[in-house]
Amino acid sequence: MVQWRRWVAASVFACTQGACGGSPGEPAAAVVAAQVAADVRLRIEASTLAVVPNGRQVSGTLHVRIANAASRSVFYVPCAALLERRDGAQWVPTYAPICSLAGTPPVEVRGGEEQVFEVPLVTMQRIDGAPPGAPLVRGEYRVHLTTLRTTGARLPEAARVTEAFTL
């Protein structure tokens, strides 16, 4: 038992000295990400959405504002924006972008800045297992920026999603 406690104490000390990533004296990346997340907000701006008359397709563009009040930059990849639908108590990925920007560097939103990016729904494909051409399921949706991160770690999920909206 004493030996186990010594090992735990040595491990904790090593992490505080930088052995677990980062520089000596700096908090671990996940801790920094959680701190930054408290100051980052995603919200849907005025958007133009329309359901195509056959009820099978959504057209238009969502405008997502990233407001970064943190002192550190955050980064995102526009091609990694999922549209998720609420299904009971959980969120189900429903649409994903068809994107030719794979491999492009992440976009930076510096501390204290805001940025709006567009999610054109016409370039999204169903990923929820529905057959091609299946009718749109009306309901509550949100945008999930799966890659929103600081240097070294993704932000917690609550900071990577917008508020819910209805289609």
# chains A, B, ... in the order shown; residues from 1 in each chain; ligands from 1

$ select_by_dssp --residues "segment 74-167 of chain A" --states "strand (DSSP E)" --output "number ranges by chain"
A: 74-76, 81-87, 90-97, 107-109, 114-120, 124-126, 140-145, 165-166

$ residues_around --residues "Pro106 of chain A" --least-positions-apart "4" --cutoff "6 Å" --atoms "only C-alpha atoms" --output "PyMOL selection string"
chain A and resi 75-77

$ residues_around --residues "Ala69 of chain A" --least-positions-apart "6" --cutoff "10 Å" --atoms "only C-alpha atoms" --output "JSON list (two decimals) with N, CA and C atoms, in the first residue's frame"
[["chain", "number", "residue", "atom", "x", "y", "z"],
["A", 36, "VAL", "N", -10.72, 27.07, -21.35],
["A", 36, "VAL", "CA", -11.07, 27.84, -22.54],
["A", 36, "VAL", "C", -12.54, 27.66, -22.88],
["A", 37, "ALA", "N", -13.04, 26.44, -22.73],
["A", 37, "ALA", "CA", -14.43, 26.14, -23.08],
["A", 37, "ALA", "C", -15.42, 27.03, -22.34],
["A", 38, "ALA", "N", -15.07, 27.43, -21.13],
["A", 38, "ALA", "CA", -15.97, 28.28, -20.35],
["A", 38, "ALA", "C", -16.18, 29.64, -21.01],
["A", 39, "ASP", "N", -15.27, 30.04, -21.91],
["A", 39, "ASP", "CA", -15.35, 31.35, -22.55],
["A", 39, "ASP", "C", -15.63, 31.29, -24.05],
["A", 40, "VAL", "N", -16.01, 30.13, -24.55],
["A", 40, "VAL", "CA", -16.31, 29.99, -25.98],
["A", 40, "VAL", "C", -17.79, 29.70, -26.15],
["A", 41, "ARG", "N", -18.45, 30.42, -27.05],
["A", 41, "ARG", "CA", -19.87, 30.23, -27.31],
["A", 41, "ARG", "C", -20.09, 30.03, -28.80],
["A", 110, "ARG", "N", -8.83, 33.70, -32.77],
["A", 110, "ARG", "CA", -7.96, 34.16, -31.68],
["A", 110, "ARG", "C", -8.78, 34.56, -30.46],
["A", 111, "GLY", "N", -8.12, 34.56, -29.31],
["A", 111, "GLY", "CA", -8.76, 35.01, -28.08],
["A", 111, "GLY", "C", -9.30, 36.42, -28.24],
["A", 112, "GLY", "N", -10.54, 36.63, -27.80],
["A", 112, "GLY", "CA", -11.16, 37.95, -27.90],
["A", 112, "GLY", "C", -11.83, 38.22, -29.24],
["A", 113, "GLU", "N", -11.78, 37.28, -30.18],
["A", 113, "GLU", "CA", -12.37, 37.49, -31.50],
["A", 113, "GLU", "C", -13.64, 36.67, -31.68],
["A", 114, "GLU", "N", -14.43, 37.06, -32.68],
["A", 114, "GLU", "CA", -15.60, 36.30, -33.10],
["A", 114, "GLU", "C", -15.47, 36.03, -34.59]]

$ closest_residue --among "A:Ala67, A:Ala96, A:Ala30, A:Val143" --to "Thr162 of chain A" --atoms "only C-alpha atoms"
A:Val143

$ closest_residue --among "A:Leu167, A:Leu42, A:Ala159, A:Leu121" --to "Leu82 of chain A" --atoms "only C-alpha atoms"
A:Leu121

$ residues_around --residues "Gly129 of chain A" --least-positions-apart "2" --cutoff "12 Å" --atoms "only C-alpha atoms" --output "JSON, numbers by chain"
{"A": [92, 93, 94, 95, 125, 126, 127, 131, 132, 133, 134]}

$ closest_residue --among "A:Thr104, A:Ser47, A:Thr150, A:Gln35" --to "Phe165 of chain A" --atoms "only C-alpha atoms"
A:Ser47

$ atom_distance --atom1 "atom CA of His63 of chain A" --atom2 "atom CA of Glu45 of chain A"
5.2 Å

$ atom_distance --atom1 "atom CA of Asn68 of chain A" --atom2 "atom CA of Trp91 of chain A"
24.5 Å

$ closest_residue --among "A:Phe117, A:Glu140, A:Thr146, A:Gly60" --to "Ala89 of chain A" --atoms "only C-alpha atoms"
A:Glu140

$ atom_distance --atom1 "atom CA of Thr61 of chain A" --atom2 "atom CA of Pro97 of chain A"
12.0 Å

$ closest_residue --among "A:Leu136, A:Ala29, A:Val107, A:Ile98" --to "Val119 of chain A" --atoms "only C-alpha atoms"
A:Ile98

$ closest_residue --among "A:Ile44, A:Val161, A:Leu148, A:Cys99" --to "Ser73 of chain A" --atoms "only C-alpha atoms"
A:Leu148
